[in-house]
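Here the structure is laid out as structure tokens; the discussion comes afterwards.
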Amino acid sequence: MAKQNYEPFGLDIETINQRYSEGKYNQKRESNTRTNWQIISSNLFTYFNMILALIGILLISVKSYTNLWFLVIAIINTSIAIFQEFRARAMIQSLSLITENTIMVVRQGLFVEIDVDKIVLGDLISYSAGKQIVTDGIVEYGEMTVNESNITGESRSIVKSAGDTLYSGSFVISGKAFVHVSAVGKDNYIDTLQHQAKTLSKPQSVILNTLRKILKVIGIIIIPLGLMTFFNVYQKSGYDYLPDFIADPDSFNLGVRKMAGAMVAMVPSGLVLLTTGTFAVSVLKLAKKKTLVQELYSIETLARVDTVCLDKTGTITDGTMTVSGFEILPDFCETEYSDEDIILVISSMNQALDDNNQTAKALKDYFQSEHLMVAKRTIPFQSKNKYSLVAFEDRTYAIGAPEIIYRGQYTKIKPQVSEHAKNGKRVLLLAEVDSIRNDRFTGSARAVALILINDTVRESAKNTIQSFTDQGVVVKVISGDNALTVSEVANRAGVPNADKYISMDSIKNKNLAAIANEYTIFGRVTPDQKKALIKHIQEEEHKVCMIGDGVNDILALKQADVSVSMASGTDATRNISHMVLMENDFETLPEVVKEGRQIVCNMENASVLYLTKTLYTILLTFILLMTSRIYPFEPIQMFVIETFIVGIPTLVLALEPNNRMFKGKFFLNIMRNVVPGALFIIANLLAVYLFSDAFYGLVDAEISTIGIIAATFAYWLILVHASKPFNKLRLIMVVFAFVTATICFTLLRGLFQITTLSLPAVLYMMLLMETTYIGMKFYHSRFSK
């Protein structure tokens with residue numbers, strides 16, 4: 001059927017209304033964004049919150065109200081986490097409305113753009129390059145090349161023509177077609193991918209997974225250790241029978257307080273909440289910079305990114321193109337062409353191909369699009385071919401990459417192409433070819449003319465690339481354009497080593513590994529090569545962020561550790577990307593990288609403070625149980641450490657700017673500081689017991705006082721180390737922690753059960769603190785990073 005004879009009509013209004021009433025429309029799936037109750041319950045009813053609540057009930061039962069301060073900390077932490085998640089969800093939902101997908105349908109002969117969820121069974125949809133297939137359907141008219149990798153797992157392209165079936169979730173590479181909707185909603189072969197862009201999904205987080213594993217171990221041992229601490233007090237009480245011990249209010253009260261003191265100190269209250277809360281704050285900060293984070297923990301992955309791969313068009317350049325002119329090549333074709341002939345041919349090709357990419361738009365703006373010559377067959381542009389084909393009645397033409405179309409003869413026109421490329425021009429070749437077979441031309445090609453196109457470099461590109469360079473991130477440009485042109489544009493944008501470029505049109509797959517890390521600029525890259533290059537870069541232990549906006553970037557985006565797309569990009573690229581830049585400018589990306597580094601590096605410091613307390617308490621409890629000693633501290637005494645040395649400072653540290661590139665393993669990094677700190681604090685308390693037994697008999701109150709003050713001082717030293725290098729805020733935080741702890745142990749000593757010490761006890765405590773300071777300073781100078 002000739003193109004001009006096809007007149008799409010679609011459904012009439014009566015049929016559409018009937019389908020709606022029957023529920024035969026593309027109903028939205030329930031959002032994966034968590035409900036209010038899910039957010040509240042998941043933060044409130046945690047394992048450790050339940051343990052803390054049980055301990056609180058026991059303390060209330062023995063009227064030990066002053067020891068309930070730990071519940072205040074737990075309530076504040078939980079409330080902050082809930083509030084931040086509500087804010088993050090609201091911000092993401094508001095940004096998601098901007099990227100809400102629509103589709104073009106034909107109804108009663110009119111083209112209408114509607115929301116995807118308004119599609120009804122039997123609708124006629126108009127698809128073109130870059131569009132996502134949103135419902136299953138059957139091609140009614142036209143021809144498209146589609147990629148079904150989201151369904152089949154294979155990246156190869158498939159040509160779909162009249163009568164062929166399309167599946168929801170695949171995407172259009174090239175061509176245009178009208179498709180009859182055969183299924184909607186849950187009846188689709190697979191559900192649409194559109195909802196993924198509105199979901200605060202949670203991919204694997206190294207930080208959170210590490211902390212959860214640590215907390216799982218703590219959760220297993222905390223209850224047995226708590227019960228054993230209680231049982232230890234019972235054994236030391238002199239009672240032979242447990243009911244008699246429980247019946248004695250003073251003994252039972254002491255047992256509950258000591259058990260609570262040990263168990264509360266073992267719980268790293270707020271650590272996981274601080275982690276998720278910090279991510280949520282980062283999402284809000286990035287949202288204000290018009291960056292939609294579709295996968296929360298991809299921010300963390302960015303902390304490890306040391307290589308950024310860019311597509312030139314739409315990233316370094318703003319995506320707008322203009323044809324500056326053309327150059328006829330009279331020496332390579334028997335047919336003589338005038339300027340009017342070139343305009344006639346390209347205008348007719350524009351009309352026949354009906355492509356809508358940026359290059360096609362530039363050609364249409366300059367040469368127009370008129371039905372001047374009758375096309376018998378068309379092959380739209382495909383990234384794997386690098387050219388388009390149109391067969392007219394008397395001749396067949398190709399337009400695209402000169403080195404691909406003119407392969408084998410390219411040296412003849414290379415000087416002209418290179419000269420234009422050096423000036424930053426994109427160069428297309430218009431050539432006569434013999435015939436078309438299997439979506440490619442066969443036989444020889446005869447060069448007709450070079451078409452020259454200008455790319456506009458973004459004003460922000462130079463500063464953005466400089467920001468990456470300052471952060472130690474390597475920038476590579478991977479493009480389908482001429483390598484020399486890309487090199488020139490990259491050089492104008494300030495990409496380091498832009499002169500190290502290579503054209504990929506003749507590079508074999510087996511050689512990709514050798515060049516992936518050697519060159520900076522890659523030209524004439526196919527989608528499969530983009531993916532392979534990123535994979536080979538990753539094999540050298542690099543973390544890669546890919547930025548793209550076109551269908552030809554999808555495979556590379558999927559392969560990258562972090563994928564970023566432009567809001568103006570295709571539906572498909574937005575849907576599979578971890579982040580979407582809503583203002584279509586990658587100048588915000590260095591800020592995203594900074595956020596990732598801030599989270600990982602600061603959470604490493606915060607985790608050290610929390611887990612030192614936990615490890616110290618667990619080991620100390622084991623040692624005291626083995627030596628039949630009663631755990632010395634009560635919950636109220638740990639309040640100073642948990643609030644002023646750990647809680648408030650970690651909140652400040654977690655939100656502090658930190659642009660250090662994260663290195664090493666998260667678990668090993670934190671344990672390298674946690675273990676020595678815990679051992680120093682344990683050594684302090686054991687030394688107190690040793691001093692009491694060997695030289696000076698201390699009562700339990702004195703042991704508890706010396707122990708908690710010495711432990712608080714040791715924690716403060718750990719805080720000082722975690723806060724380096726100092727800035728004004730961190731210095732104020734460290735001084736604040738010291739002053740508040742001093743006030744609590746002096747002016748408020750009655751509340752925190754601090755007893756008056758004898759002179760020998762005071763001198764010994766000062767000796768312990770000095771020894772701790774010298775020991776920690778020596779360790780950090782010799783062994784700590």
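A note on labels: chains of the structure tokens are A, B, ... as shown, every chain counts residues from 1, and ligands are counted from 1 in their shown order.
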Write down as a VMD selection string the residues belonging to segment 119-349 of chain A that are assigned alpha helix (DSSP H) by DSSP computed on the backbone. chain A and resid 149 to 152 206 to 236 242 to 247 249 to 266 271 to 288 298 to 302 339 to 349
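Taking only C-alpha atoms into account, Ile554 of chain A lies nearest to A:Ile173 out of the set A:Ile405, A:Ile173, A:Leu757, A:Val179.
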What is the atom CA of Ile220 of chain A-atom CA of Arg257 of chain A distance in Å, reported with one decimal?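 Result for atom CA of Ile220 of chain A versus atom CA of Arg257 of chain A: 21.0 Å, one decimal.
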With a distance cut-off of 12 Å and only C-alpha atoms, select the neighbouring residues of Val72 of chain A, excluding the residue or stretch itself and same-chain residues fewer than 4 positions from it, and output the selection as a PyMOL selection string. chain A and resi 49+52-53+56+65-68+76-79+269-270+636+639+642-643+647
Write out, as a CSV table (one decimal), in the first residue's frame, the residues just selected, with all heavy atoms.
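Written file, part.csv:
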```csv
chain,number,residue,atom,x,y,z
A,49,ASN,N,14.0,-1.7,68.1
A,49,ASN,CA,13.0,-0.9,68.8
A,49,ASN,C,12.1,-1.8,69.7
A,49,ASN,O,11.8,-1.3,70.8
A,49,ASN,CB,12.1,-0.2,67.8
A,49,ASN,CG,12.8,1.1,67.3
A,49,ASN,OD1,13.9,1.5,67.7
A,49,ASN,ND2,12.1,1.8,66.3
A,52,LEU,N,14.2,-2.5,72.8
A,52,LEU,CA,14.3,-1.3,73.6
A,52,LEU,C,13.0,-1.0,74.3
A,52,LEU,O,12.9,-0.6,75.5
A,52,LEU,CB,14.7,-0.1,72.8
A,52,LEU,CG,16.1,-0.1,72.2
A,52,LEU,CD1,16.3,1.2,71.4
A,52,LEU,CD2,17.1,-0.1,73.3
A,53,ALA,N,11.9,-1.3,73.7
A,53,ALA,CA,10.5,-1.1,74.3
A,53,ALA,C,10.3,-2.1,75.4
A,53,ALA,O,9.8,-1.7,76.5
A,53,ALA,CB,9.5,-1.3,73.2
A,56,GLY,N,12.3,-0.9,78.3
A,56,GLY,CA,11.6,0.2,78.9
A,56,GLY,C,10.5,-0.3,79.8
A,56,GLY,O,10.3,0.3,80.9
A,65,TYR,N,12.8,5.2,86.6
A,65,TYR,CA,12.4,6.1,85.6
A,65,TYR,C,13.6,6.9,85.0
A,65,TYR,O,13.5,7.3,83.8
A,65,TYR,CB,11.3,7.1,86.1
A,65,TYR,CG,10.1,6.4,86.6
A,65,TYR,CD1,9.7,6.5,88.0
A,65,TYR,CD2,9.3,5.6,85.8
A,65,TYR,CE1,8.6,5.9,88.5
A,65,TYR,CE2,8.2,4.9,86.3
A,65,TYR,CZ,7.8,5.1,87.6
A,65,TYR,OH,6.7,4.4,88.1
A,66,THR,N,14.6,7.2,85.8
A,66,THR,CA,15.7,8.0,85.3
A,66,THR,C,16.5,7.2,84.3
A,66,THR,O,17.2,7.9,83.5
A,66,THR,CB,16.6,8.4,86.5
A,66,THR,OG1,17.1,7.2,87.1
A,66,THR,CG2,15.9,9.3,87.5
A,67,ASN,N,16.3,5.9,84.2
A,67,ASN,CA,17.1,5.1,83.2
A,67,ASN,C,16.3,5.0,81.9
A,67,ASN,O,16.7,4.2,81.0
A,67,ASN,CB,17.4,3.7,83.8
A,67,ASN,CG,18.5,3.7,84.7
A,67,ASN,OD1,19.6,4.2,84.4
A,67,ASN,ND2,18.4,3.1,85.9
A,68,LEU,N,15.2,5.8,81.7
A,68,LEU,CA,14.4,5.6,80.5
A,68,LEU,C,14.8,6.6,79.4
A,68,LEU,O,14.2,6.7,78.4
A,68,LEU,CB,12.9,5.8,80.9
A,68,LEU,CG,12.3,4.7,81.7
A,68,LEU,CD1,10.9,5.1,82.1
A,68,LEU,CD2,12.3,3.4,81.0
A,76,ILE,N,13.2,9.9,69.1
A,76,ILE,CA,13.7,11.0,68.2
A,76,ILE,C,14.2,10.4,66.9
A,76,ILE,O,13.9,10.9,65.8
A,76,ILE,CB,14.7,11.8,68.9
A,76,ILE,CG1,14.1,12.6,70.1
A,76,ILE,CG2,15.4,12.8,68.0
A,76,ILE,CD1,15.1,13.4,71.0
A,77,ASN,N,15.1,9.4,67.0
A,77,ASN,CA,15.7,8.8,65.8
A,77,ASN,C,14.6,8.3,64.9
A,77,ASN,O,14.7,8.5,63.6
A,77,ASN,CB,16.6,7.7,66.2
A,77,ASN,CG,18.0,8.2,66.7
A,77,ASN,OD1,18.4,9.2,66.2
A,77,ASN,ND2,18.6,7.4,67.6
A,78,THR,N,13.6,7.6,65.4
A,78,THR,CA,12.6,7.0,64.6
A,78,THR,C,11.7,8.1,64.0
A,78,THR,O,11.4,8.0,62.8
A,78,THR,CB,11.7,6.1,65.5
A,78,THR,OG1,12.5,5.1,66.1
A,78,THR,CG2,10.6,5.4,64.6
A,79,SER,N,11.4,9.1,64.7
A,79,SER,CA,10.6,10.2,64.2
A,79,SER,C,11.3,10.9,63.0
A,79,SER,O,10.7,11.3,62.0
A,79,SER,CB,10.3,11.2,65.3
A,79,SER,OG,9.6,10.6,66.4
A,269,SER,N,21.7,2.3,68.6
A,269,SER,CA,20.5,3.1,68.3
A,269,SER,C,20.7,4.1,67.2
A,269,SER,O,21.6,5.0,67.4
A,269,SER,CB,20.0,3.7,69.6
A,269,SER,OG,19.7,2.7,70.6
A,270,GLY,N,19.9,4.1,66.2
A,270,GLY,CA,19.9,5.2,65.2
A,270,GLY,C,20.9,5.0,64.1
A,270,GLY,O,20.9,5.8,63.2
A,636,ILE,N,21.2,5.1,82.3
A,636,ILE,CA,21.3,6.6,82.3
A,636,ILE,C,22.7,7.0,82.2
A,636,ILE,O,23.0,8.1,81.7
A,636,ILE,CB,20.7,7.1,83.7
A,636,ILE,CG1,20.6,8.6,83.7
A,636,ILE,CG2,21.5,6.6,84.9
A,636,ILE,CD1,19.8,9.2,82.6
A,639,PHE,N,23.8,7.5,78.7
A,639,PHE,CA,23.1,8.5,77.9
A,639,PHE,C,24.1,9.6,77.4
A,639,PHE,O,24.0,10.1,76.3
A,639,PHE,CB,22.1,9.2,78.8
A,639,PHE,CG,21.4,10.4,78.2
A,639,PHE,CD1,20.3,10.2,77.3
A,639,PHE,CD2,21.8,11.7,78.5
A,639,PHE,CE1,19.7,11.2,76.8
A,639,PHE,CE2,21.1,12.7,77.9
A,639,PHE,CZ,20.1,12.5,77.1
A,642,GLU,N,25.9,8.1,74.4
A,642,GLU,CA,25.0,7.9,73.2
A,642,GLU,C,24.5,9.2,72.6
A,642,GLU,O,24.2,9.2,71.4
A,642,GLU,CB,23.8,7.0,73.7
A,642,GLU,CG,24.2,5.6,74.0
A,642,GLU,CD,23.0,4.7,74.2
A,642,GLU,OE1,21.9,5.2,74.2
A,642,GLU,OE2,23.2,3.4,74.2
A,643,THR,N,24.3,10.2,73.4
A,643,THR,CA,23.7,11.4,72.9
A,643,THR,C,24.8,12.4,72.5
A,643,THR,O,24.8,12.9,71.4
A,643,THR,CB,22.8,12.1,74.0
A,643,THR,OG1,21.8,11.1,74.4
A,643,THR,CG2,22.2,13.3,73.5
A,647,GLY,N,25.5,10.3,69.2
A,647,GLY,CA,24.2,10.7,68.5
A,647,GLY,C,24.3,12.0,67.8
A,647,GLY,O,24.2,12.0,66.5
```
For the strand (DSSP E) assignment from backbone DSSP, which residues of segment 428-523 of chain A qualify? Please present them as JSON, numbers by chain. {"A": [428, 429, 430, 431, 432, 433, 434, 435, 436, 437, 440, 441, 442, 443, 444, 445, 446, 447, 448, 449, 450, 451, 452, 453, 454, 455, 456, 457, 474, 475, 476, 477, 478, 501, 502, 503, 521, 522, 523]}
Can those selected residues be exported to a file as a compact mmCIF listing (two decimals), in the first residue's frame so that it contains N, CA, C and O atoms?
```txt
# COMPACT_ATOMS: atom_id res chain seq x y z
N LEU A 428 28.22 14.41 7.14
CA LEU A 428 27.46 13.31 6.57
C LEU A 428 27.82 13.19 5.09
O LEU A 428 28.13 14.19 4.44
N LEU A 429 27.72 11.98 4.59
CA LEU A 429 27.97 11.74 3.17
C LEU A 429 26.68 11.33 2.48
O LEU A 429 25.98 10.42 2.94
N LEU A 430 26.37 12.01 1.40
CA LEU A 430 25.28 11.58 0.51
C LEU A 430 25.94 10.83 -0.64
O LEU A 430 26.84 11.36 -1.30
N ALA A 431 25.48 9.59 -0.88
CA ALA A 431 26.10 8.78 -1.92
C ALA A 431 25.07 7.98 -2.68
O ALA A 431 24.02 7.60 -2.14
N GLU A 432 25.37 7.74 -3.96
CA GLU A 432 24.59 6.78 -4.74
C GLU A 432 25.08 5.37 -4.39
O GLU A 432 26.29 5.15 -4.24
N VAL A 433 24.13 4.43 -4.25
CA VAL A 433 24.52 3.03 -4.03
C VAL A 433 23.77 2.15 -5.03
O VAL A 433 22.79 2.59 -5.64
N ASP A 434 24.23 0.90 -5.16
CA ASP A 434 23.66 0.03 -6.20
C ASP A 434 22.26 -0.45 -5.84
O ASP A 434 21.31 -0.28 -6.61
N SER A 435 22.11 -1.08 -4.67
CA SER A 435 20.80 -1.66 -4.31
C SER A 435 20.74 -1.90 -2.81
O SER A 435 21.73 -1.73 -2.09
N ILE A 436 19.55 -2.34 -2.33
CA ILE A 436 19.33 -2.63 -0.91
C ILE A 436 19.06 -4.12 -0.74
O ILE A 436 18.28 -4.71 -1.48
N ARG A 437 19.73 -4.71 0.26
CA ARG A 437 19.47 -6.11 0.59
C ARG A 437 19.69 -6.29 2.10
O ARG A 437 20.72 -5.90 2.63
N ARG A 440 20.71 -3.31 4.30
CA ARG A 440 22.00 -2.68 3.99
C ARG A 440 22.07 -2.46 2.49
O ARG A 440 21.33 -3.08 1.73
N PHE A 441 23.00 -1.60 2.07
CA PHE A 441 23.18 -1.47 0.63
C PHE A 441 24.24 -2.47 0.16
O PHE A 441 25.13 -2.86 0.91
N THR A 442 24.12 -2.89 -1.06
CA THR A 442 25.08 -3.83 -1.66
C THR A 442 25.74 -3.17 -2.86
O THR A 442 25.24 -2.19 -3.42
N GLY A 443 26.88 -3.72 -3.25
CA GLY A 443 27.61 -3.16 -4.38
C GLY A 443 28.44 -1.96 -3.97
O GLY A 443 28.80 -1.79 -2.80
N SER A 444 28.72 -1.11 -4.93
CA SER A 444 29.60 0.03 -4.68
C SER A 444 28.80 1.27 -4.29
O SER A 444 27.59 1.34 -4.47
N ALA A 445 29.53 2.25 -3.75
CA ALA A 445 28.95 3.55 -3.41
C ALA A 445 29.71 4.63 -4.16
O ALA A 445 30.92 4.53 -4.37
N ARG A 446 28.98 5.69 -4.56
CA ARG A 446 29.59 6.78 -5.31
C ARG A 446 29.27 8.09 -4.58
O ARG A 446 28.10 8.47 -4.45
N ALA A 447 30.32 8.72 -4.07
CA ALA A 447 30.15 9.93 -3.25
C ALA A 447 29.56 11.06 -4.06
O ALA A 447 30.02 11.36 -5.18
N VAL A 448 28.53 11.69 -3.51
CA VAL A 448 27.83 12.78 -4.18
C VAL A 448 28.12 14.13 -3.50
O VAL A 448 28.50 15.10 -4.16
N ALA A 449 27.95 14.17 -2.18
CA ALA A 449 28.13 15.45 -1.49
C ALA A 449 28.38 15.22 0.00
O ALA A 449 27.96 14.19 0.56
N LEU A 450 29.05 16.18 0.63
CA LEU A 450 29.24 16.19 2.08
C LEU A 450 28.29 17.22 2.68
O LEU A 450 28.22 18.36 2.22
N ILE A 451 27.54 16.81 3.70
CA ILE A 451 26.62 17.73 4.39
C ILE A 451 27.28 18.10 5.71
O ILE A 451 27.70 17.21 6.48
N LEU A 452 27.36 19.39 6.00
CA LEU A 452 28.08 19.88 7.18
C LEU A 452 27.09 20.35 8.24
O LEU A 452 26.18 21.14 7.96
N ILE A 453 27.29 19.83 9.46
CA ILE A 453 26.35 20.12 10.56
C ILE A 453 27.11 20.69 11.75
O ILE A 453 28.16 20.18 12.13
N ASN A 454 26.54 21.74 12.34
CA ASN A 454 27.12 22.33 13.54
C ASN A 454 26.48 21.74 14.80
O ASN A 454 25.26 21.57 14.87
N ASP A 455 27.33 21.44 15.80
CA ASP A 455 26.88 21.04 17.14
C ASP A 455 27.16 22.19 18.09
O ASP A 455 28.21 22.83 17.99
N THR A 456 26.25 22.46 19.01
CA THR A 456 26.43 23.55 19.96
C THR A 456 26.87 22.98 21.31
O THR A 456 26.14 22.22 21.93
N VAL A 457 28.09 23.35 21.75
CA VAL A 457 28.60 22.89 23.04
C VAL A 457 27.86 23.62 24.15
O VAL A 457 27.67 24.84 24.09
N VAL A 474 37.93 10.40 35.76
CA VAL A 474 38.34 10.38 34.35
C VAL A 474 37.11 10.52 33.47
O VAL A 474 36.11 9.83 33.67
N VAL A 475 37.16 11.41 32.49
CA VAL A 475 36.05 11.63 31.56
C VAL A 475 36.39 11.02 30.21
O VAL A 475 37.46 11.29 29.64
N LYS A 476 35.51 10.17 29.70
CA LYS A 476 35.64 9.59 28.37
C LYS A 476 34.39 9.92 27.57
O LYS A 476 33.29 9.97 28.12
N VAL A 477 34.57 10.14 26.27
CA VAL A 477 33.45 10.44 25.39
C VAL A 477 33.28 9.29 24.41
O VAL A 477 34.22 8.94 23.69
N ILE A 478 32.10 8.69 24.40
CA ILE A 478 31.80 7.55 23.53
C ILE A 478 30.65 7.97 22.62
O ILE A 478 29.52 8.17 23.08
N TYR A 501 42.18 9.95 20.53
CA TYR A 501 40.91 9.48 19.98
C TYR A 501 41.13 8.31 19.03
O TYR A 501 42.23 8.09 18.50
N ILE A 502 40.06 7.55 18.82
CA ILE A 502 40.13 6.39 17.93
C ILE A 502 38.77 6.18 17.30
O ILE A 502 37.73 6.39 17.93
N SER A 503 38.77 5.81 16.03
CA SER A 503 37.53 5.48 15.33
C SER A 503 37.29 3.99 15.45
O SER A 503 38.18 3.18 15.18
N ILE A 521 38.68 9.41 23.68
CA ILE A 521 37.60 9.69 22.74
C ILE A 521 37.40 8.49 21.83
O ILE A 521 38.34 7.99 21.20
N PHE A 522 36.14 8.03 21.74
CA PHE A 522 35.81 6.90 20.88
C PHE A 522 34.73 7.35 19.90
O PHE A 522 33.64 7.77 20.31
N GLY A 523 35.04 7.28 18.60
CA GLY A 523 34.09 7.68 17.57
C GLY A 523 33.58 6.50 16.77
O GLY A 523 34.19 5.43 16.76
```
Contact residues around Arg426 of chain A with only C-alpha atoms at 12 Å, ignoring same-chain residues under 3 positions, as a PyMOL selection string: chain A and resi 312-313+321-326+359+362+400-402+417-423+429+450-456+479-489+523-524
Could you save those same residues with N, CA and C atoms as a compact mmCIF listing (two decimals), in the first residue's frame?
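The resulting file, part-v4.txt, is reproduced below:
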```
# COMPACT_ATOMS: atom_id res chain seq x y z
N LYS A 312 28.36 12.37 23.22
CA LYS A 312 28.59 13.76 22.85
C LYS A 312 27.27 14.51 22.66
N THR A 313 26.44 13.98 21.77
CA THR A 313 25.22 14.68 21.39
C THR A 313 24.21 14.68 22.53
N MET A 321 21.09 20.91 16.49
CA MET A 321 22.00 20.85 15.35
C MET A 321 21.46 21.73 14.22
N THR A 322 22.38 22.30 13.48
CA THR A 322 22.00 23.10 12.32
C THR A 322 22.92 22.76 11.15
N VAL A 323 22.34 22.62 9.98
CA VAL A 323 23.14 22.38 8.77
C VAL A 323 23.74 23.71 8.34
N SER A 324 25.06 23.74 8.22
CA SER A 324 25.73 24.99 7.82
C SER A 324 25.94 25.06 6.31
N GLY A 325 25.75 23.94 5.63
CA GLY A 325 25.93 23.93 4.18
C GLY A 325 26.30 22.55 3.68
N PHE A 326 26.68 22.47 2.40
CA PHE A 326 27.10 21.19 1.85
C PHE A 326 28.15 21.43 0.77
N THR A 359 19.50 14.86 14.06
CA THR A 359 20.12 15.01 12.74
C THR A 359 19.06 15.17 11.66
N ALA A 362 17.56 18.60 11.74
CA ALA A 362 18.45 19.60 11.14
C ALA A 362 18.39 19.54 9.62
N GLY A 400 24.77 9.26 5.61
CA GLY A 400 25.24 8.87 6.93
C GLY A 400 26.73 9.05 7.07
N ALA A 401 27.37 8.15 7.82
CA ALA A 401 28.79 8.26 8.15
C ALA A 401 29.65 8.02 6.90
N PRO A 402 30.51 8.97 6.54
CA PRO A 402 31.32 8.82 5.32
C PRO A 402 32.21 7.59 5.34
N VAL A 417 36.83 15.48 4.57
CA VAL A 417 36.09 15.18 5.80
C VAL A 417 36.89 15.64 7.02
N SER A 418 38.18 15.32 7.03
CA SER A 418 39.03 15.68 8.18
C SER A 418 39.13 17.18 8.36
N GLU A 419 39.20 17.90 7.25
CA GLU A 419 39.31 19.36 7.33
C GLU A 419 38.08 19.96 8.01
N HIS A 420 36.90 19.46 7.64
CA HIS A 420 35.67 19.95 8.27
C HIS A 420 35.58 19.48 9.73
N ALA A 421 36.01 18.24 9.99
CA ALA A 421 35.95 17.69 11.34
C ALA A 421 36.84 18.47 12.30
N LYS A 422 37.99 18.93 11.80
CA LYS A 422 38.90 19.72 12.64
C LYS A 422 38.24 21.01 13.11
N ASN A 423 37.29 21.48 12.35
CA ASN A 423 36.56 22.69 12.71
C ASN A 423 35.32 22.38 13.54
N LEU A 429 27.72 11.98 4.59
CA LEU A 429 27.97 11.74 3.17
C LEU A 429 26.68 11.33 2.48
N LEU A 450 29.05 16.18 0.63
CA LEU A 450 29.24 16.19 2.08
C LEU A 450 28.29 17.22 2.68
N ILE A 451 27.54 16.81 3.70
CA ILE A 451 26.62 17.73 4.39
C ILE A 451 27.28 18.10 5.71
N LEU A 452 27.36 19.39 6.00
CA LEU A 452 28.08 19.88 7.18
C LEU A 452 27.09 20.35 8.24
N ILE A 453 27.29 19.83 9.46
CA ILE A 453 26.35 20.12 10.56
C ILE A 453 27.11 20.69 11.75
N ASN A 454 26.54 21.74 12.34
CA ASN A 454 27.12 22.33 13.54
C ASN A 454 26.48 21.74 14.80
N ASP A 455 27.33 21.44 15.80
CA ASP A 455 26.88 21.04 17.14
C ASP A 455 27.16 22.19 18.09
N THR A 456 26.25 22.46 19.01
CA THR A 456 26.43 23.55 19.96
C THR A 456 26.87 22.98 21.31
N SER A 479 30.93 8.11 21.33
CA SER A 479 29.95 8.69 20.42
C SER A 479 29.87 7.91 19.12
N GLY A 480 28.75 8.05 18.45
CA GLY A 480 28.60 7.44 17.13
C GLY A 480 29.10 8.32 16.01
N ASP A 481 29.55 9.54 16.34
CA ASP A 481 30.01 10.49 15.32
C ASP A 481 31.47 10.23 14.93
N ASN A 482 31.92 10.98 13.94
CA ASN A 482 33.30 10.90 13.49
C ASN A 482 34.25 11.20 14.65
N ALA A 483 35.28 10.36 14.81
CA ALA A 483 36.17 10.47 15.96
C ALA A 483 36.88 11.82 16.02
N LEU A 484 37.28 12.35 14.87
CA LEU A 484 37.97 13.63 14.85
C LEU A 484 37.03 14.76 15.25
N THR A 485 35.78 14.69 14.78
CA THR A 485 34.79 15.69 15.16
C THR A 485 34.54 15.65 16.66
N VAL A 486 34.38 14.45 17.20
CA VAL A 486 34.14 14.29 18.64
C VAL A 486 35.32 14.82 19.43
N SER A 487 36.53 14.53 18.94
CA SER A 487 37.74 14.99 19.61
C SER A 487 37.78 16.51 19.67
N GLU A 488 37.43 17.15 18.56
CA GLU A 488 37.45 18.60 18.51
C GLU A 488 36.41 19.20 19.46
N VAL A 489 35.21 18.64 19.46
CA VAL A 489 34.15 19.13 20.35
C VAL A 489 34.56 18.91 21.81
N GLY A 523 35.04 7.28 18.60
CA GLY A 523 34.09 7.68 17.57
C GLY A 523 33.58 6.50 16.77
N ARG A 524 32.45 6.69 16.10
CA ARG A 524 31.81 5.66 15.28
C ARG A 524 31.56 4.39 16.09
```
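Our summary of the geometry notes that atom CA of Leu589 of chain A is positioned 27.8 Å from atom CA of Leu271 of chain A.
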Quick one: contact table of segment 252-299 of chain A to segment 221-238 of chain A, 9 Å max, nearest atom pair and distance in Å to one decimal per residue, counting only C-alpha atoms, chain and number order, as JSON lines?
```
{"residue": "A:Phe252", "atom": "CA", "partner": "A:Tyr234", "partner_atom": "CA", "distance": 8.0}
{"residue": "A:Leu254", "atom": "CA", "partner": "A:Val233", "partner_atom": "CA", "distance": 7.6}
{"residue": "A:Gly255", "atom": "CA", "partner": "A:Phe230", "partner_atom": "CA", "distance": 5.0}
{"residue": "A:Val256", "atom": "CA", "partner": "A:Phe230", "partner_atom": "CA", "distance": 6.5}
{"residue": "A:Arg257", "atom": "CA", "partner": "A:Phe230", "partner_atom": "CA", "distance": 8.7}
{"residue": "A:Lys258", "atom": "CA", "partner": "A:Phe230", "partner_atom": "CA", "distance": 6.9}
{"residue": "A:Met259", "atom": "CA", "partner": "A:Gly226", "partner_atom": "CA", "distance": 5.1}
{"residue": "A:Ala260", "atom": "CA", "partner": "A:Gly226", "partner_atom": "CA", "distance": 7.3}
{"residue": "A:Gly261", "atom": "CA", "partner": "A:Gly226", "partner_atom": "CA", "distance": 8.9}
{"residue": "A:Ala262", "atom": "CA", "partner": "A:Gly226", "partner_atom": "CA", "distance": 6.5}
{"residue": "A:Met263", "atom": "CA", "partner": "A:Gly226", "partner_atom": "CA", "distance": 5.7}
{"residue": "A:Met266", "atom": "CA", "partner": "A:Ile222", "partner_atom": "CA", "distance": 7.0}
{"residue": "A:Val267", "atom": "CA", "partner": "A:Ile222", "partner_atom": "CA", "distance": 8.1}
```
Each residue of segment 104-167 of chain A lying at most 10 Å from segment 370-392 of chain A should get a row with its shortest atom-to-atom pair and the distance in Å to one decimal, counting only C-alpha atoms; could you produce that, ordered by chain and increasing number, as JSON lines?
```
{"residue": "A:Ala129", "atom": "CA", "partner": "A:Pro380", "partner_atom": "CA", "distance": 9.5}
{"residue": "A:Glu143", "atom": "CA", "partner": "A:Ile379", "partner_atom": "CA", "distance": 9.3}
{"residue": "A:Met144", "atom": "CA", "partner": "A:Pro380", "partner_atom": "CA", "distance": 8.4}
{"residue": "A:Thr145", "atom": "CA", "partner": "A:Gln382", "partner_atom": "CA", "distance": 8.4}
{"residue": "A:Ser157", "atom": "CA", "partner": "A:Lys384", "partner_atom": "CA", "distance": 9.4}
```
